[in-house]
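In what follows, a structure is listed as structure tokens, so that the remarks can point back to it.
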Amino acid sequence: PRLSAHLFAVVAAMTTYWSSLLLLLFAYLAIHYGRGQPETPSWPQHDGKRRVLSLNADTFNAAVKKHPLLVVLFYVPPGHPLDPLKDREVSKQNWQQLEMMLEMTSQLLQTQNVRTAAINMIESYTLVKTLHIPSPGTILIYSKDKTSPHFYFGQRAVEVLAPYILKMMQPAVAEIIGKTQKKQYEQLDTPKVIGYFEKSTREYDNFVKAAKMFQPLISFFATFDKKIGKSLRLKKPNSVVFDKPYEKHLTLSAPKTSEEIIDFVRGNLKQSLTKVQLENIHGTWVHTEGERMLVAFVRPQTPDGAAFFSVLKSLARSYTNDNRTHFIWVDPDPLPNLHDTWRNLYNIDITQSNAFFGVVDGHKGEHAWYDLETEGADLKKMRSWVERLLSGQIELKTVRTSTRVPSTQSASSHESGEL
């Protein structure tokens, strides 16, 4: 499968977005650049030094062994006959942005022994085939702490990639020792795994090993306190709970190996309702052929947005086991640079309403929207609309764009819709 034709227009619009994860990165910069934390952070400029490694089949293995953490971008040169972007200037600009992302990431994280590299897929075809690289733009992160490379599905921007890497370098499991950590755990609105263990046991070591397989997209926590464990539904030592937003928790009792934990998490990854985040945007805004991607733009912190969000969660839960649907939601406020993009593509004005609900077909470049203003946030009416959609009774409109950009430098081999 290929990425949606409109993804690059969207990614370009997102490049100026400042992720909340920047707080972590600026704290790091304040320490390692010795300036103290500024009142108004300003993004560092490239110092002009080239740090990105140019690798090929002869140098790749040695580079992976040498560097504790290596970020590798696989690309097709701009203007090459196999370049998916047929417009040479657009392709050249896209490549320059990706190259600068790698350069800045190396510069900012050089004291952490992080290196970045690029591999020309045409010149290193045999290597690319051996590594099973799915498409141009694939980014793999090789770490000595992990047995296999890690696919990066996040936005192609240094302000997202650099904090993402820093999170990868943190301990794989966070310990909950008191009320403060417990509250932080409970407020986390992304998938998370927690276990209750006795200290220095093989069971805990297995838990840590499993956690490294999902780091940093799924957070793992552990407690060694019986009282805390009981308050978090962990009644017996060595029990593990997988918590997904808006769903009932899942329990794994006394797993004997790390593989059991890994299989448990992997087997339950599908969420009834998934939040779109920049660090996993290409792994979230995706759908397979025959699957409908139901999209909600909602401000749950507003009264009417909260009322709609409550109905949306109930609606999504009712389709949890339906392979024909994939429900995702977007909080528009942290993404102001995308408001115009949504208006241009879908003819929706997020500034005029706290909620929109519809379907986006990334394969065909089509969409349709539930008339929330007329029908209201009514569970029965929304379910009826979804059923009519699934039975082909809802007419989809073509995305409003005059420029169709082919997929290139993509985040993965999965099909992605327009954001």
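Quick note on naming: the chains in the structure tokens go A, B, ... in the order shown, residues restart at 1 in each chain, and ligands are numbered from 1 in order of appearance.
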Report task. From the DSSP assignment of the backbone, select every residue of region 7-225 of chain A that is strand (DSSP E or B), and format the answer as a PyMOL selection string. Result -> chain A and resi 53-55+69-75+114-120+139-143+150-151+173-175+192-196+219-223
Using only C-alpha atoms, which protein or nucleic acid residues come within 9 Å of region 389-394 of chain A? Drop anything in the same chain fewer than 5 positions from it, and give the result as a PyMOL selection string.
chain A and resi 292+324-325+359+368+384
Output the selection as a PDB file, in the first residue's frame - N, CA and C atoms for each residue.
ATOM      1  N   ARG A 292     -13.277   1.477   7.162  1.00  0.00           N
ATOM      2  CA  ARG A 292     -13.675   2.879   7.189  1.00  0.00           C
ATOM      3  C   ARG A 292     -13.002   3.594   8.362  1.00  0.00           C
ATOM      4  N   ARG A 324     -14.504  -3.509  10.231  1.00  0.00           N
ATOM      5  CA  ARG A 324     -14.821  -2.583   9.146  1.00  0.00           C
ATOM      6  C   ARG A 324     -14.560  -1.130   9.533  1.00  0.00           C
ATOM      7  N   THR A 325     -14.297  -0.875  10.804  1.00  0.00           N
ATOM      8  CA  THR A 325     -14.179   0.506  11.267  1.00  0.00           C
ATOM      9  C   THR A 325     -12.877   0.752  12.011  1.00  0.00           C
ATOM     10  N   VAL A 359     -16.086  10.614   7.941  1.00  0.00           N
ATOM     11  CA  VAL A 359     -15.257   9.534   7.447  1.00  0.00           C
ATOM     12  C   VAL A 359     -14.265  10.095   6.434  1.00  0.00           C
ATOM     13  N   ALA A 368     -16.831  12.318   3.953  1.00  0.00           N
ATOM     14  CA  ALA A 368     -18.230  12.687   4.190  1.00  0.00           C
ATOM     15  C   ALA A 368     -18.357  13.026   5.670  1.00  0.00           C
ATOM     16  N   SER A 384     -26.748   5.148  13.449  1.00  0.00           N
ATOM     17  CA  SER A 384     -27.493   4.944  12.209  1.00  0.00           C
ATOM     18  C   SER A 384     -26.713   5.477  11.021  1.00  0.00           C
TER      19      SER A 384
END
**Message:** Please return, as JSON, numbers by chain, all residues of region 10-250 of chain A that DSSP assigns to helix (DSSP H, G or I) on the basis of the backbone.
**Reply:** {"A": [10, 11, 12, 13, 14, 22, 23, 24, 25, 26, 27, 28, 29, 30, 31, 32, 60, 61, 62, 63, 64, 65, 66, 88, 89, 90, 91, 92, 93, 94, 95, 96, 97, 98, 99, 100, 101, 102, 103, 104, 105, 106, 107, 108, 110, 111, 112, 125, 126, 127, 128, 129, 130, 131, 158, 159, 160, 161, 162, 163, 164, 165, 166, 167, 168, 179, 180, 181, 182, 183, 184, 185, 186, 187, 202, 203, 204, 205, 206, 207, 208, 209, 210, 211, 212, 213, 214, 226, 227, 228, 229, 230, 231]}
I'd like the contact shell of Thr201 (chain A) - 12 Å cut-off, only C-alpha atoms, skipping same-chain residues fewer than 5 positions apart - returned as a list in words. Tyr196, Asn206, Phe207, Val208, Phe224, Pro237, Asn238 and Lys256 of chain A
**Selected residue, from A:Leu278, A:Ala57, A:Thr374, A:Pro303, that lies nearest to Leu335 (chain A) when counting only C-alpha atoms** =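 Once distances to Leu335 (chain A) are computed over only C-alpha atoms, the minimum belongs to A:Leu278.
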If we count only C-alpha atoms and set the cut-off at 9 Å, which residues sit around Gln215 (chain A), ignoring sequence neighbours fewer than 6 positions away in its own chain? Please answer as a PyMOL selection string.
chain A and resi 167-168+172
Inset, instruction - Go ahead and compute the interatomic distance for CA of Ile141 (chain A) and CA of Leu188 (chain A), in Å to one decimal. - result: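 Computing the Euclidean distance for CA of Ile141 (chain A) and CA of Leu188 (chain A) yields 25.2 Å.
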Please measure the separation of CA of Asp333 (chain A) and CA of Arg299 (chain A), giving the value in Å to one decimal.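 Interatomic distance, CA of Asp333 (chain A) to CA of Arg299 (chain A): 7.5 Å.
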(message) Which residues are near Thr223 (chain A)? Cut-off 9 Å, only C-alpha atoms, ignore same chain within fewer than 2 positions. Put them as a list in words.
(response)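 With the cut-off at 9 Å, the set is Ala174, Glu175, Ile176, Ile177, Ile194, Gly195, Tyr196, Phe197, Glu198, Phe221, Asp225, Lys226, Ile228 and Gly229 of chain A.
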Store the residues of this selection in a file with all heavy atoms, as an mmCIF file, in the first residue's frame.
data_model
loop_
_atom_site.group_PDB
_atom_site.id
_atom_site.type_symbol
_atom_site.label_atom_id
_atom_site.label_comp_id
_atom_site.auth_asym_id
_atom_site.auth_seq_id
_atom_site.Cartn_x
_atom_site.Cartn_y
_atom_site.Cartn_z
ATOM 1 N N ALA A 174 8.816 2.930 34.275
ATOM 2 C CA ALA A 174 8.780 3.970 35.307
ATOM 3 C C ALA A 174 8.161 3.381 36.574
ATOM 4 O O ALA A 174 7.150 2.685 36.515
ATOM 5 C CB ALA A 174 7.975 5.168 34.837
ATOM 6 N N GLU A 175 8.771 3.670 37.710
ATOM 7 C CA GLU A 175 8.278 3.117 38.967
ATOM 8 C C GLU A 175 7.268 4.060 39.622
ATOM 9 O O GLU A 175 7.471 5.279 39.678
ATOM 10 C CB GLU A 175 9.433 2.865 39.931
ATOM 11 C CG GLU A 175 8.997 2.227 41.240
ATOM 12 C CD GLU A 175 10.153 1.985 42.190
ATOM 13 O OE1 GLU A 175 11.315 2.138 41.749
ATOM 14 O OE2 GLU A 175 9.901 1.655 43.362
ATOM 15 N N ILE A 176 6.176 3.508 40.105
ATOM 16 C CA ILE A 176 5.180 4.260 40.853
ATOM 17 C C ILE A 176 5.409 3.986 42.330
ATOM 18 O O ILE A 176 5.218 2.862 42.811
ATOM 19 C CB ILE A 176 3.748 3.852 40.447
ATOM 20 C CG1 ILE A 176 3.513 4.166 38.964
ATOM 21 C CG2 ILE A 176 2.717 4.551 41.317
ATOM 22 C CD1 ILE A 176 2.140 3.766 38.462
ATOM 23 N N ILE A 177 5.832 5.023 43.058
ATOM 24 C CA ILE A 177 6.200 4.839 44.464
ATOM 25 C C ILE A 177 5.295 5.606 45.417
ATOM 26 O O ILE A 177 5.390 5.428 46.637
ATOM 27 C CB ILE A 177 7.663 5.263 44.704
ATOM 28 C CG1 ILE A 177 7.859 6.740 44.323
ATOM 29 C CG2 ILE A 177 8.615 4.378 43.918
ATOM 30 C CD1 ILE A 177 9.256 7.253 44.638
ATOM 31 N N ILE A 194 0.916 -1.677 33.216
ATOM 32 C CA ILE A 194 1.456 -1.609 34.573
ATOM 33 C C ILE A 194 1.517 -2.998 35.173
ATOM 34 O O ILE A 194 0.658 -3.853 34.901
ATOM 35 C CB ILE A 194 0.607 -0.673 35.469
ATOM 36 C CG1 ILE A 194 1.279 -0.518 36.839
ATOM 37 C CG2 ILE A 194 -0.823 -1.156 35.602
ATOM 38 C CD1 ILE A 194 0.704 0.580 37.693
ATOM 39 N N GLY A 195 2.549 -3.223 35.977
ATOM 40 C CA GLY A 195 2.708 -4.508 36.636
ATOM 41 C C GLY A 195 3.049 -4.335 38.110
ATOM 42 O O GLY A 195 3.615 -3.308 38.511
ATOM 43 N N TYR A 196 2.681 -5.305 38.916
ATOM 44 C CA TYR A 196 3.003 -5.318 40.350
ATOM 45 C C TYR A 196 3.961 -6.478 40.597
ATOM 46 O O TYR A 196 3.659 -7.635 40.292
ATOM 47 C CB TYR A 196 1.724 -5.464 41.163
ATOM 48 C CG TYR A 196 1.931 -5.825 42.619
ATOM 49 C CD1 TYR A 196 2.925 -5.216 43.389
ATOM 50 C CD2 TYR A 196 1.122 -6.785 43.234
ATOM 51 C CE1 TYR A 196 3.113 -5.554 44.717
ATOM 52 C CE2 TYR A 196 1.297 -7.138 44.568
ATOM 53 C CZ TYR A 196 2.305 -6.519 45.297
ATOM 54 O OH TYR A 196 2.491 -6.853 46.622
ATOM 55 N N PHE A 197 5.145 -6.157 41.142
ATOM 56 C CA PHE A 197 6.185 -7.158 41.306
ATOM 57 C C PHE A 197 6.874 -7.021 42.655
ATOM 58 O O PHE A 197 6.755 -6.008 43.337
ATOM 59 C CB PHE A 197 7.256 -7.013 40.200
ATOM 60 C CG PHE A 197 6.720 -7.079 38.808
ATOM 61 C CD1 PHE A 197 6.397 -5.919 38.119
ATOM 62 C CD2 PHE A 197 6.534 -8.297 38.188
ATOM 63 C CE1 PHE A 197 5.898 -5.968 36.823
ATOM 64 C CE2 PHE A 197 6.038 -8.364 36.899
ATOM 65 C CZ PHE A 197 5.716 -7.197 36.222
ATOM 66 N N GLU A 198 7.596 -8.033 42.983
ATOM 67 C CA GLU A 198 8.557 -7.953 44.068
ATOM 68 C C GLU A 198 9.894 -7.556 43.436
ATOM 69 O O GLU A 198 10.177 -7.915 42.298
ATOM 70 C CB GLU A 198 8.664 -9.292 44.790
ATOM 71 C CG GLU A 198 7.368 -9.689 45.493
ATOM 72 C CD GLU A 198 7.464 -11.052 46.153
ATOM 73 O OE1 GLU A 198 8.481 -11.756 45.912
ATOM 74 O OE2 GLU A 198 6.535 -11.415 46.890
ATOM 75 N N PHE A 221 4.781 0.837 33.346
ATOM 76 C CA PHE A 221 4.964 1.249 34.727
ATOM 77 C C PHE A 221 5.020 0.010 35.615
ATOM 78 O O PHE A 221 4.487 -1.041 35.263
ATOM 79 C CB PHE A 221 3.806 2.141 35.192
ATOM 80 C CG PHE A 221 3.669 3.415 34.414
ATOM 81 C CD1 PHE A 221 2.986 3.435 33.197
ATOM 82 C CD2 PHE A 221 4.213 4.600 34.889
ATOM 83 C CE1 PHE A 221 2.849 4.606 32.478
ATOM 84 C CE2 PHE A 221 4.082 5.774 34.170
ATOM 85 C CZ PHE A 221 3.403 5.787 32.965
ATOM 86 N N ASP A 225 4.842 -1.780 45.592
ATOM 87 C CA ASP A 225 4.064 -1.501 46.796
ATOM 88 C C ASP A 225 2.722 -2.227 46.717
ATOM 89 O O ASP A 225 1.933 -1.986 45.795
ATOM 90 C CB ASP A 225 3.865 0.009 46.943
ATOM 91 C CG ASP A 225 3.186 0.398 48.236
ATOM 92 O OD1 ASP A 225 1.990 0.070 48.383
ATOM 93 O OD2 ASP A 225 3.825 1.039 49.087
ATOM 94 N N LYS A 226 2.456 -3.086 47.670
ATOM 95 C CA LYS A 226 1.231 -3.892 47.655
ATOM 96 C C LYS A 226 -0.017 -3.023 47.671
ATOM 97 O O LYS A 226 -0.995 -3.288 46.948
ATOM 98 C CB LYS A 226 1.222 -4.840 48.854
ATOM 99 C CG LYS A 226 0.016 -5.767 48.908
ATOM 100 C CD LYS A 226 0.115 -6.722 50.092
ATOM 101 C CE LYS A 226 -1.091 -7.658 50.141
ATOM 102 N NZ LYS A 226 -1.002 -8.608 51.291
ATOM 103 N N ILE A 228 -0.391 0.168 46.658
ATOM 104 C CA ILE A 228 -0.554 0.849 45.369
ATOM 105 C C ILE A 228 -1.023 -0.132 44.315
ATOM 106 O O ILE A 228 -1.899 0.160 43.503
ATOM 107 C CB ILE A 228 0.763 1.536 44.946
ATOM 108 C CG1 ILE A 228 1.108 2.670 45.913
ATOM 109 C CG2 ILE A 228 0.648 2.077 43.520
ATOM 110 C CD1 ILE A 228 2.435 3.339 45.615
ATOM 111 N N GLY A 229 -0.434 -1.318 44.320
ATOM 112 C CA GLY A 229 -0.834 -2.329 43.350
ATOM 113 C C GLY A 229 -2.309 -2.668 43.465
ATOM 114 O O GLY A 229 -3.019 -2.748 42.451
#
Close residues, region 109-121 of chain A itself excluded, 8 Å, only C-alpha atoms, min 3 positions apart in chain, as a PyMOL selection string
chain A and resi 32+51-56+67-77+102-103+105-106+124-125+128+136+162
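Proximity to Thr190 (chain A) was assessed for A:Pro245, A:Gly376, A:Gly137, A:Pro216 counting only C-alpha atoms; the smallest distance is recorded for A:Pro245.
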Practice problem: Please provide the set of residues having any atom within 10 Å of Trp369 (chain A), restricted to only C-alpha atoms, with same-chain residues fewer than 3 positions apart removed, written as a list of chain:residue names. | Solution: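 What passes the distance filter is A:Leu294, A:Val295, A:Ala296, A:Tyr346, A:Asn347, A:Ile348, A:Phe356, A:Phe357, A:Gly358, A:Val359, A:Val360, A:Leu372, A:Trp385, A:Ile394, A:Glu395, A:Leu396, A:Lys397.
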Written file, previous selection with C-alpha atoms, as a JSON list (two decimals), in the first residue's frame:
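The resulting file, out.json, is reproduced below:
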[["chain", "number", "residue", "atom", "x", "y", "z"],
["A", 294, "LEU", "CA", -14.13, 7.43, 11.29],
["A", 295, "VAL", "CA", -12.61, 10.77, 12.26],
["A", 296, "ALA", "CA", -13.65, 13.16, 15.00],
["A", 346, "TYR", "CA", -12.74, 18.85, 3.87],
["A", 347, "ASN", "CA", -14.67, 22.12, 3.86],
["A", 348, "ILE", "CA", -14.91, 22.14, 7.67],
["A", 356, "PHE", "CA", -16.91, 17.44, 13.70],
["A", 357, "PHE", "CA", -17.49, 13.79, 12.90],
["A", 358, "GLY", "CA", -17.14, 11.99, 9.58],
["A", 359, "VAL", "CA", -15.26, 9.53, 7.45],
["A", 360, "VAL", "CA", -12.01, 9.95, 5.49],
["A", 372, "LEU", "CA", -23.83, 17.40, 13.78],
["A", 385, "TRP", "CA", -25.26, 7.22, 10.12],
["A", 394, "ILE", "CA", -23.63, 7.67, 2.33],
["A", 395, "GLU", "CA", -22.23, 9.57, -0.66],
["A", 396, "LEU", "CA", -18.58, 10.51, -0.27],
["A", 397, "LYS", "CA", -17.13, 13.68, -1.80]]
